[in-house]
2 protein chains.
Amino acid sequence: MTLAPDPTPSARRQETRTRLMDAAVEVFAEDGLQGAAVETISARAGFTRGAFYSNFESKEQLFLELLTREFERRAADLDEKARMLEPTLRERAGCVDPAEAADYIVQFFTPSQDATAWFVLEAEFLLLAMRDPSLAPGHHDFMDNFYASISGVVERVLQAAGRRFVIPVERAILVLSGVYEHALRTAALAGTDPSGAFTELGDRLAELLFALTEEE
Amino acid sequence: MTLAPDPTPSARRQETRTRLMDAAVEVFAEDGLQGAAVETISARAGFTRGAFYSNFESKEQLFLELLTREFERRAADLDEKARMLEPTLRERAGCVDPAEAADYIVQFFTPSQDATAWFVLEAEFLLLAMRDPSLAPGHHDFMDNFYASISGVVERVLQAAGRRFVIPVERAILVLSGVYEHALRTAALAGTDPSGAFTELGDRLAELLFALTEEE
C-alpha cells in the first residue's frame with residue numbers, strides 16, 4: 001500500500017483559499033456583503049480568522065476574487081453556447097427573423113438559477129465601491145475586461161448570423177448589458193426567479209439587436 | 001399692526017413634512033440610507049422622533065417621497081429644456097448630424113451637481129428593496145411612471161428634429177436610461193464630478209439615438 005504524497009504547500013494553500021471562497025458564497029447570500037462577518041466565513045470553512053487573513057486582505061478582496069471566478073465562468077459559458085449556436089446560425093444566415101432570434105437569445109443569455117442572488121451581491125459591492133472607491137480599486141477595469149471578453153463572442157455569433165453592429169461593438173455590449181441588468185433588477189425587485197422575466201428579455205434583446213445591427 | 005393669521009393645521013403639517021424631508025436629504029447624503037437615524041433627521045429639522053413618525057411611516061417611506069419629489073423635478077426640468085430646444089430643432093430638422101445632436105443631448109441631459117449623490121442613494125434604496133421588496137412596494141410602478149413621463153418629452157424632441165424611434169418608445173427609453181446610468185455609475189466609482197463624464201455620454205447617446213431612430 002502506498003500513501004498519497006502530502007499536498008505541496010502551494011496546493012494546500014490553494015485548497016484553503018477555495019474552501020474559504022466557497023464558504024463565503026453561502027455566507028454572503030445569507031447575510032449580505034456588509035452583514036457577513038469574517039468569523040462566520042472562516043468558521044463555515046473550518047478555519048480561524050487568522051487563516052482567513054493570511055489568505056485574503058479583506059472580505060471585499062475575497063468578494064472581488066469570487067466575482068472574477070464567477071465572471072470567468074459566465075464568459076466561458078457564453079463561449080461554449082456560442083460554439084453550439086454558430087453552425088445553426090450559419091445555415092440560417094440572412095433568414096433569421098426577430099422571433100427566431102429571440103429564441104436563440106433566450107438560449108444564449110438565460111442566466112443560471114442563482115443570477116438574482118449574484119445580482120443583489122454585485123449591487124451591494126458596487127454601492128460599497130461608490131461610497132469608498134479604494135475598496136474596489138480594480139472594479140472598473142475588471143468590468144471593462146469582462147465586457148471586452150464577451151464582445152468577441154457576441155460579434156462572432158452575429159457574424160455567423162450574417163449581421164454586424166452599426167455602432168462600435170464595445171458600446172453595443174454596454175447597451176445590451178444595460179437591458180440585461182434591467183431585467184435582473186426587475187426580477188430581484190419582484191422577488192421572483194429570473195427565468196420568467198427572461199422570455200420577455202429575449203424579445204427585447206432581439207428587437208434591440210435588429211435595430212443595432214445590419215446585414216453584412 | 002395686524003398679526004399674520006395662524007397657519008392652518010394642514011399648512012403647518014405640510015411645513016413640518018417639508019422641513020423633515022429637507023433635513024433627510026442632508027442626513028442621507030452624509031450617513032447613507034441605512035446609516036441615517038430617524039433621531040438624527042428629526043433633530044436636524046428641529047423636531048422629535050414622535051413628530052417624525054406622525055408624518056412618515058418609516059425613513060424608507062420618506063425616502064420614496066423624496067425620490068418622487070426629485071423625479072418630478074427632473075421630469076419638469078427635461079420638459080422645460082425640451083421647450084427651449086424644439087424651435088432650433090424644427091429649423092434644423094433633417095440636417096442634424098451626430099456631433100450637433102451630441103451638443104443638444106449634453107444640454108438636455110446634463111445632470112445637476114448632486115446627481116452622483118442621488119445615484120448612490122438610489123442604488124442603496126434599490127438594494128434594500130431587492131433584499132426586502134415590502135420596503136418599497138411602489139418602487140417599480142414609480143419608476144415605470146417616471147419613464148412614461150419622460151417618454152413623451154423625448155418623443156416630442158425627436159419629432160421636432162424630424163426623427164422617430166424604430167423600436168417602441170417605452171423600450172427605447174429604458175435602453176437610453178441604461179446608458180445614462182452606466183455613465184453615472186462610472187462617475188460615482190471614479191469618485192468624480194459627473195460633468196466630465198457627460199461630454200462623452202452626449203456622444204454615446206447621440207450615436208445610439210441615430211441607430212434607434214429613422215427620419216420621419
# chains A, B, ... in the order shown; residues from 1 in each chain; ligands from 1
$ residues_around --residues "Leu85 of chain B" --least-positions-apart "3" --cutoff "12 Å" --atoms "only C-alpha atoms" --output "list of chain:residue names"
B:Leu78, B:Asp79, B:Glu80, B:Lys81, B:Ala82, B:Thr88, B:Leu89, B:Arg90, B:Glu91, B:Arg92, B:Ala93, B:Ala101, B:Asp103, B:Tyr104, B:Ile105, B:Val106, B:Gln107, B:Phe108, B:Val153, B:Val154, B:Arg156, B:Val157, B:Leu158, B:Gln159, B:Ala160, B:Ala161
$ interface_residues --of "chain B" --to "chain A" --cutoff "6 Å" --atoms "only C-alpha atoms" --output "list in words"
Met130, Pro133, Gly178, Ala188 and Leu189 of chain B
$ calpha_fit_and_write --fixed "chain B" --moving "chain A" --output "compact mmCIF listing (two decimals) with C-alpha atoms, in the first residue's frame"
# COMPACT_ATOMS: atom_id res chain seq x y z
CA MET A 1 -50.66 96.58 12.70
CA THR A 2 -52.35 93.34 11.69
CA LEU A 3 -51.01 89.95 12.67
CA ALA A 4 -50.50 87.28 10.03
CA PRO A 5 -53.15 84.62 10.61
CA ASP A 6 -51.98 81.38 12.22
CA PRO A 7 -51.14 78.81 9.58
CA THR A 8 -53.91 76.26 9.17
CA PRO A 9 -53.24 72.83 10.67
CA SER A 10 -52.73 71.33 7.22
CA ALA A 11 -50.28 74.11 6.21
CA ARG A 12 -48.38 73.58 9.47
CA ARG A 13 -48.31 69.85 8.85
CA GLN A 14 -47.01 70.43 5.33
CA GLU A 15 -44.27 72.69 6.67
CA THR A 16 -43.21 70.04 9.20
CA ARG A 17 -43.05 67.42 6.47
CA THR A 18 -41.01 69.70 4.19
CA ARG A 19 -38.54 70.49 6.99
CA LEU A 20 -38.15 66.78 7.80
CA MET A 21 -37.63 65.95 4.12
CA ASP A 22 -35.05 68.72 3.63
CA ALA A 23 -33.17 67.56 6.74
CA ALA A 24 -33.31 63.97 5.48
CA VAL A 25 -31.63 64.93 2.18
CA GLU A 26 -28.61 66.16 4.16
CA VAL A 27 -28.51 63.25 6.60
CA PHE A 28 -28.92 60.62 3.85
CA ALA A 29 -26.06 62.20 1.88
CA GLU A 30 -23.83 62.12 4.99
CA ASP A 31 -24.74 58.75 6.53
CA GLY A 32 -26.34 56.77 3.71
CA LEU A 33 -29.87 55.48 3.79
CA GLN A 34 -29.16 52.53 6.07
CA GLY A 35 -26.84 54.53 8.34
CA ALA A 36 -29.19 57.51 8.76
CA ALA A 37 -31.02 57.46 12.10
CA VAL A 38 -34.56 58.79 12.42
CA GLU A 39 -33.33 60.63 15.54
CA THR A 40 -30.66 62.45 13.52
CA ILE A 41 -33.12 63.47 10.82
CA SER A 42 -35.68 64.68 13.39
CA ALA A 43 -33.08 66.62 15.41
CA ARG A 44 -31.65 68.25 12.25
CA ALA A 45 -35.15 69.49 11.43
CA GLY A 46 -35.74 70.64 15.02
CA PHE A 47 -38.36 68.01 15.82
CA THR A 48 -38.76 64.94 18.00
CA ARG A 49 -38.81 61.32 16.87
CA GLY A 50 -42.55 61.38 17.63
CA ALA A 51 -43.12 64.20 15.14
CA PHE A 52 -41.25 62.16 12.54
CA TYR A 53 -43.47 59.12 13.01
CA SER A 54 -46.67 61.14 12.99
CA ASN A 55 -45.67 62.28 9.48
CA PHE A 56 -43.87 59.28 7.98
CA GLU A 57 -44.24 55.55 8.50
CA SER A 58 -40.51 54.91 8.14
CA LYS A 59 -37.38 56.48 6.73
CA GLU A 60 -37.84 54.29 3.65
CA GLN A 61 -41.27 55.82 3.08
CA LEU A 62 -39.80 59.30 3.51
CA PHE A 63 -37.05 58.39 1.03
CA LEU A 64 -39.61 57.24 -1.54
CA GLU A 65 -41.37 60.61 -1.15
CA LEU A 66 -38.06 62.42 -1.60
CA LEU A 67 -37.37 60.35 -4.71
CA THR A 68 -40.82 61.25 -6.05
CA ARG A 69 -40.14 64.96 -5.45
CA GLU A 70 -36.71 64.64 -7.10
CA PHE A 71 -38.04 62.76 -10.14
CA GLU A 72 -40.91 65.23 -10.58
CA ARG A 73 -38.29 67.98 -10.56
CA ARG A 74 -36.22 66.11 -13.18
CA ALA A 75 -39.23 65.48 -15.42
CA ALA A 76 -40.25 69.18 -15.17
CA ASP A 77 -36.66 70.21 -15.90
CA LEU A 78 -36.51 67.98 -19.02
CA ASP A 79 -39.83 69.34 -20.17
CA GLU A 80 -38.62 72.92 -19.85
CA LYS A 81 -35.35 72.19 -21.68
CA ALA A 82 -37.34 70.44 -24.42
CA ARG A 83 -39.48 73.56 -24.93
CA MET A 84 -36.33 75.63 -25.28
CA LEU A 85 -34.70 73.21 -27.75
CA GLU A 86 -37.68 72.49 -29.97
CA PRO A 87 -37.69 75.71 -32.07
CA THR A 88 -34.01 75.26 -32.98
CA LEU A 89 -34.53 71.60 -33.78
CA ARG A 90 -37.52 72.39 -35.98
CA GLU A 91 -35.40 74.84 -37.97
CA ARG A 92 -32.57 72.32 -38.31
CA ALA A 93 -34.84 69.28 -38.89
CA GLY A 94 -33.26 66.74 -41.20
CA CYS A 95 -29.81 68.35 -41.09
CA VAL A 96 -28.77 67.52 -37.51
CA ASP A 97 -25.63 65.37 -37.64
CA PRO A 98 -24.44 63.23 -34.69
CA ALA A 99 -21.93 65.85 -33.49
CA GLU A 100 -24.60 68.56 -33.35
CA ALA A 101 -27.04 66.10 -31.77
CA ALA A 102 -24.43 65.33 -29.10
CA ASP A 103 -24.33 69.03 -28.18
CA TYR A 104 -28.09 69.13 -27.80
CA ILE A 105 -28.07 65.93 -25.76
CA VAL A 106 -25.45 67.30 -23.39
CA GLN A 107 -27.64 70.40 -22.87
CA PHE A 108 -30.70 68.22 -22.47
CA PHE A 109 -29.35 65.56 -20.14
CA THR A 110 -26.60 67.27 -18.14
CA PRO A 111 -27.45 66.23 -14.62
CA SER A 112 -27.49 68.52 -11.64
CA GLN A 113 -24.35 68.75 -9.50
CA ASP A 114 -25.71 66.38 -6.90
CA ALA A 115 -26.57 63.67 -9.46
CA THR A 116 -23.85 61.32 -8.20
CA ALA A 117 -25.03 61.62 -4.60
CA TRP A 118 -28.60 60.87 -5.70
CA PHE A 119 -27.42 57.97 -7.82
CA VAL A 120 -25.64 56.39 -4.82
CA LEU A 121 -28.76 56.85 -2.63
CA GLU A 122 -30.95 55.34 -5.34
CA ALA A 123 -28.58 52.38 -5.61
CA GLU A 124 -28.81 51.87 -1.84
CA PHE A 125 -32.60 52.10 -1.86
CA LEU A 126 -32.76 49.65 -4.75
CA LEU A 127 -30.57 47.25 -2.80
CA LEU A 128 -32.82 47.48 0.28
CA ALA A 129 -35.86 46.96 -1.95
CA MET A 130 -34.28 43.92 -3.63
CA ARG A 131 -33.47 42.42 -0.22
CA ASP A 132 -36.96 43.12 1.09
CA PRO A 133 -39.49 44.04 -1.63
CA SER A 134 -42.05 45.01 1.02
CA LEU A 135 -39.87 48.04 1.90
CA ALA A 136 -40.62 49.63 -1.46
CA PRO A 137 -43.96 48.33 -2.64
CA GLY A 138 -44.44 51.21 -5.08
CA HIS A 139 -40.88 51.44 -6.38
CA HIS A 140 -41.36 49.54 -9.61
CA ASP A 141 -44.57 51.35 -10.62
CA PHE A 142 -42.95 54.60 -9.60
CA MET A 143 -40.01 54.09 -11.97
CA ASP A 144 -42.36 52.99 -14.76
CA ASN A 145 -44.35 56.20 -14.28
CA PHE A 146 -41.19 58.26 -14.44
CA TYR A 147 -40.04 56.60 -17.65
CA ALA A 148 -43.52 57.07 -19.14
CA SER A 149 -43.44 60.77 -18.28
CA ILE A 150 -40.07 61.34 -19.96
CA SER A 151 -41.02 59.18 -22.97
CA GLY A 152 -43.44 61.85 -24.12
CA VAL A 153 -40.82 64.59 -23.82
CA VAL A 154 -38.12 62.62 -25.67
CA GLU A 155 -40.54 61.73 -28.46
CA ARG A 156 -41.54 65.37 -28.83
CA VAL A 157 -37.91 66.48 -29.13
CA LEU A 158 -37.22 63.77 -31.72
CA GLN A 159 -40.28 64.78 -33.67
CA ALA A 160 -39.06 68.38 -33.72
CA ALA A 161 -35.80 67.05 -35.17
CA GLY A 162 -37.76 65.11 -37.81
CA ARG A 163 -36.94 61.64 -36.46
CA ARG A 164 -38.84 58.77 -34.81
CA PHE A 165 -37.84 55.61 -32.89
CA VAL A 166 -37.60 52.31 -34.78
CA ILE A 167 -38.49 50.40 -31.58
CA PRO A 168 -41.36 51.20 -29.18
CA VAL A 169 -40.62 54.40 -27.27
CA GLU A 170 -41.03 52.85 -23.80
CA ARG A 171 -38.29 50.32 -24.62
CA ALA A 172 -36.08 52.93 -26.24
CA ILE A 173 -36.27 55.00 -23.05
CA LEU A 174 -35.12 52.02 -20.95
CA VAL A 175 -32.18 51.50 -23.32
CA LEU A 176 -31.17 55.16 -23.10
CA SER A 177 -31.60 55.12 -19.30
CA GLY A 178 -29.28 52.13 -19.07
CA VAL A 179 -26.53 54.07 -20.85
CA TYR A 180 -27.20 57.15 -18.70
CA GLU A 181 -26.98 55.06 -15.51
CA HIS A 182 -23.75 53.47 -16.68
CA ALA A 183 -22.20 56.93 -17.01
CA LEU A 184 -23.37 57.94 -13.52
CA ARG A 185 -22.04 54.67 -12.10
CA THR A 186 -18.68 55.21 -13.76
CA ALA A 187 -18.52 58.73 -12.32
CA ALA A 188 -19.52 57.49 -8.86
CA LEU A 189 -16.92 54.68 -8.95
CA ALA A 190 -14.23 57.11 -10.04
CA GLY A 191 -15.32 59.43 -7.22
CA THR A 192 -15.52 62.27 -9.72
CA ASP A 193 -18.01 64.95 -10.57
CA PRO A 194 -20.28 63.59 -13.31
CA SER A 195 -19.96 66.66 -15.58
CA GLY A 196 -16.68 65.34 -17.07
CA ALA A 197 -18.26 61.98 -17.87
CA PHE A 198 -21.20 63.74 -19.49
CA THR A 199 -19.46 65.10 -22.56
CA GLU A 200 -18.64 61.51 -23.50
CA LEU A 201 -22.19 60.48 -22.59
CA GLY A 202 -23.54 63.04 -25.06
CA ASP A 203 -21.57 61.38 -27.87
CA ARG A 204 -22.72 57.93 -26.83
CA LEU A 205 -26.38 58.84 -26.56
CA ALA A 206 -26.24 60.67 -29.91
CA GLU A 207 -24.71 57.61 -31.59
CA LEU A 208 -27.35 55.38 -30.02
CA LEU A 209 -30.22 57.75 -30.85
CA PHE A 210 -29.22 57.74 -34.52
CA ALA A 211 -29.14 53.92 -34.51
CA LEU A 212 -32.53 53.69 -32.77
CA THR A 213 -34.33 56.31 -34.87
CA GLU A 214 -35.05 57.02 -38.54
CA GLU A 215 -36.09 60.09 -40.50
CA GLU A 216 -39.82 60.71 -40.43
$ select_by_dssp --residues "segment 10-209 of chain B" --states "alpha helix (DSSP H)" --output "MDAnalysis selection string"
chainID B and resid 10:35 38:45 49:55 59:92 98:109 115:131 139:160 169:190 194:209
